[in-house]
Amino acid sequence: MGAARKCGSFAKDKANSMIDTKDVIEFFDRLAPTWDAGMVRNEPVIARILDLAGVGPGRDVLDVACGTGVLIGDYLGRGVASVTAIDVSPGMVKIAREKFAGENRVRILCADAQSWETDRSFDCILIYNAFPHFSDSKKLLKNLSRFLRPGGRLTVAHGMSRDRINAHHRGGASHVSNGLMPAEDLAALFEPFLRVDQVRDNADMYLVSGSKNGAAGAI
C-alpha cells in the first residue's frame, strides 16, 4: 500500500476495532490496476518525510505496505543500498515487480508485515500512507522493530493531515481501516520498542518516527 489515495480513519470509537486482513487484500487487489493512474503526490512533503525517516545514501530500507512501489523510485534516487518492499496485496506486488524488474537493489515480497519473518536488518523502515489498514498496530510495531539495526529508524507517515485522511476513509474504505489515531497516541505505542524523537500532526503531514538505541540519520 502507499500514496495519498490510501489511508484514513474514523470516529474515536472505531480506533481500537479490528479489520480482517482478507478484506484488505481483496480491497487493494481490486484497486491495483488503476492505482497509479489516480496517484496524487505532494513532492515537497514526500521529500520532508524521507528526510525525517533518515532515507539516504547507503541505507538499507524496508518499505512496508509498498503498494505499487510508489516510493521505491524515491529511495533509489537518494542512493540507498537496497530496498526491500512488502505488501499484503498480490495485485499491488505484481505491478510493483513489473515496474522495477531488473533493478538489482530492489526486492519486492508479498507478505503480512504483522507476522513477517526475515534474517535481514534495516537502517530505515517506513510505513507510508498505510498504517490504518493493519489489524493490530501494536503487533505490527513490535514485529518491525525487531528488524532495525542499532540506531535504525522506524517511521509511520502520511502525506496529508489526519483530518483529511480520516474524512477520506469514511466512504468505501471504512471496512478496511481502523482509523488514524492522534500522533501522540501512536508515539505512546512506539515507546516500548523505540525512542520517539519526531512527531508531526499538522495540516501538511502526519508522522511519528523513532530510533532503536538512540538517534539514526540526519534529522
# chains A, B, ... in the order shown; residues from 1 in each chain; ligands from 1

$ select_by_dssp --residues "stretch 100-158 of chain A" --states "helix (DSSP H, G or I)" --output "VMD selection string"
chain A and resid 131 to 133 137 to 145

$ select_by_dssp --residues "chain A" --states "strand (DSSP E or B)" --output "ChimeraX atom specification"
/A:60-64,82-87,106-110,122-128,148-158,195-201,206-211

$ residues_around --residues "A:Asp201" --least-positions-apart "6" --cutoff "7 Å" --atoms "only C-alpha atoms" --output "ChimeraX atom specification"
/A:161-162,183,207

$ write_last_selection --atoms "C-alpha atoms" --output "JSON list (two decimals), in the first residue's frame"
[["chain", "number", "residue", "atom", "x", "y", "z"],
["A", 161, "SER", "CA", -3.37, 15.90, 7.68],
["A", 162, "ARG", "CA", -5.01, 13.34, 9.94],
["A", 183, "ALA", "CA", 0.15, 11.23, 16.65],
["A", 207, "LEU", "CA", 4.47, 11.49, 11.13]]

$ residues_around --residues "stretch 80-96 of chain A" --least-positions-apart "6" --cutoff "9 Å" --atoms "only C-alpha atoms" --output "CSV table (one decimal) with C-alpha atoms, in the first residue's frame"
chain,number,residue,atom,x,y,z
A,1,MET,CA,0.0,0.0,0.0
A,21,THR,CA,-6.8,-8.8,6.5
A,24,VAL,CA,-7.8,-5.6,3.0
A,25,ILE,CA,-6.2,-7.9,0.4
A,26,GLU,CA,-9.4,-8.0,-1.7
A,27,PHE,CA,-9.9,-4.3,-1.4
A,28,PHE,CA,-6.4,-3.4,-2.7
A,29,ASP,CA,-6.3,-6.2,-5.3
A,30,ARG,CA,-9.4,-4.6,-6.8
A,31,LEU,CA,-7.8,-1.2,-6.9
A,32,ALA,CA,-4.3,-2.2,-8.0
A,33,PRO,CA,-4.9,-1.9,-11.8
A,35,TRP,CA,-3.9,2.8,-8.5
A,55,VAL,CA,16.5,7.7,4.0
A,56,GLY,CA,19.8,8.4,2.3
A,57,PRO,CA,22.9,7.1,0.6
A,58,GLY,CA,24.0,3.6,1.7
A,59,ARG,CA,20.9,2.8,3.7
A,60,ASP,CA,19.0,-0.5,3.6
A,61,VAL,CA,15.3,0.4,3.5
A,62,LEU,CA,12.3,-1.7,4.3
A,63,ASP,CA,9.1,-0.2,2.7
A,64,VAL,CA,6.1,-1.7,4.5
A,65,ALA,CA,2.8,-1.7,2.5
A,66,CYS,CA,4.6,-0.6,-0.6
A,67,GLY,CA,1.6,-0.8,-2.9
A,68,THR,CA,2.6,-0.4,-6.5
A,69,GLY,CA,6.1,0.8,-5.4
A,70,VAL,CA,5.2,4.5,-5.2
A,72,ILE,CA,10.7,2.9,-4.5
A,104,ASN,CA,19.2,-5.3,-8.5
A,105,ARG,CA,18.8,-3.1,-5.5
A,106,VAL,CA,15.1,-3.9,-5.1
A,107,ARG,CA,13.4,-7.0,-3.7
A,108,ILE,CA,9.6,-7.0,-3.6
A,109,LEU,CA,7.7,-9.5,-1.5
A,110,CYS,CA,4.0,-10.4,-0.8
A,111,ALA,CA,3.7,-10.7,3.0
A,112,ASP,CA,1.8,-9.5,6.0
A,113,ALA,CA,4.2,-7.2,7.9

$ closest_residue --among "A:Gly159, A:Pro132, A:Gly152, A:Gly179" --to "A:Val196" --atoms "only C-alpha atoms"
A:Gly152

$ atom_distance --atom1 "atom CA of A:Gly73" --atom2 "atom CA of A:Asn42"
14.8 Å

$ residues_around --residues "A:Val156" --least-positions-apart "6" --cutoff "9 Å" --atoms "only C-alpha atoms" --output "PyMOL selection string"
chain A and resi 53+125-131+206-209

$ closest_residue --among "A:Asp123, A:Asp36, A:Asp51, A:Glu103" --to "A:Leu76" --atoms "only C-alpha atoms"
A:Glu103
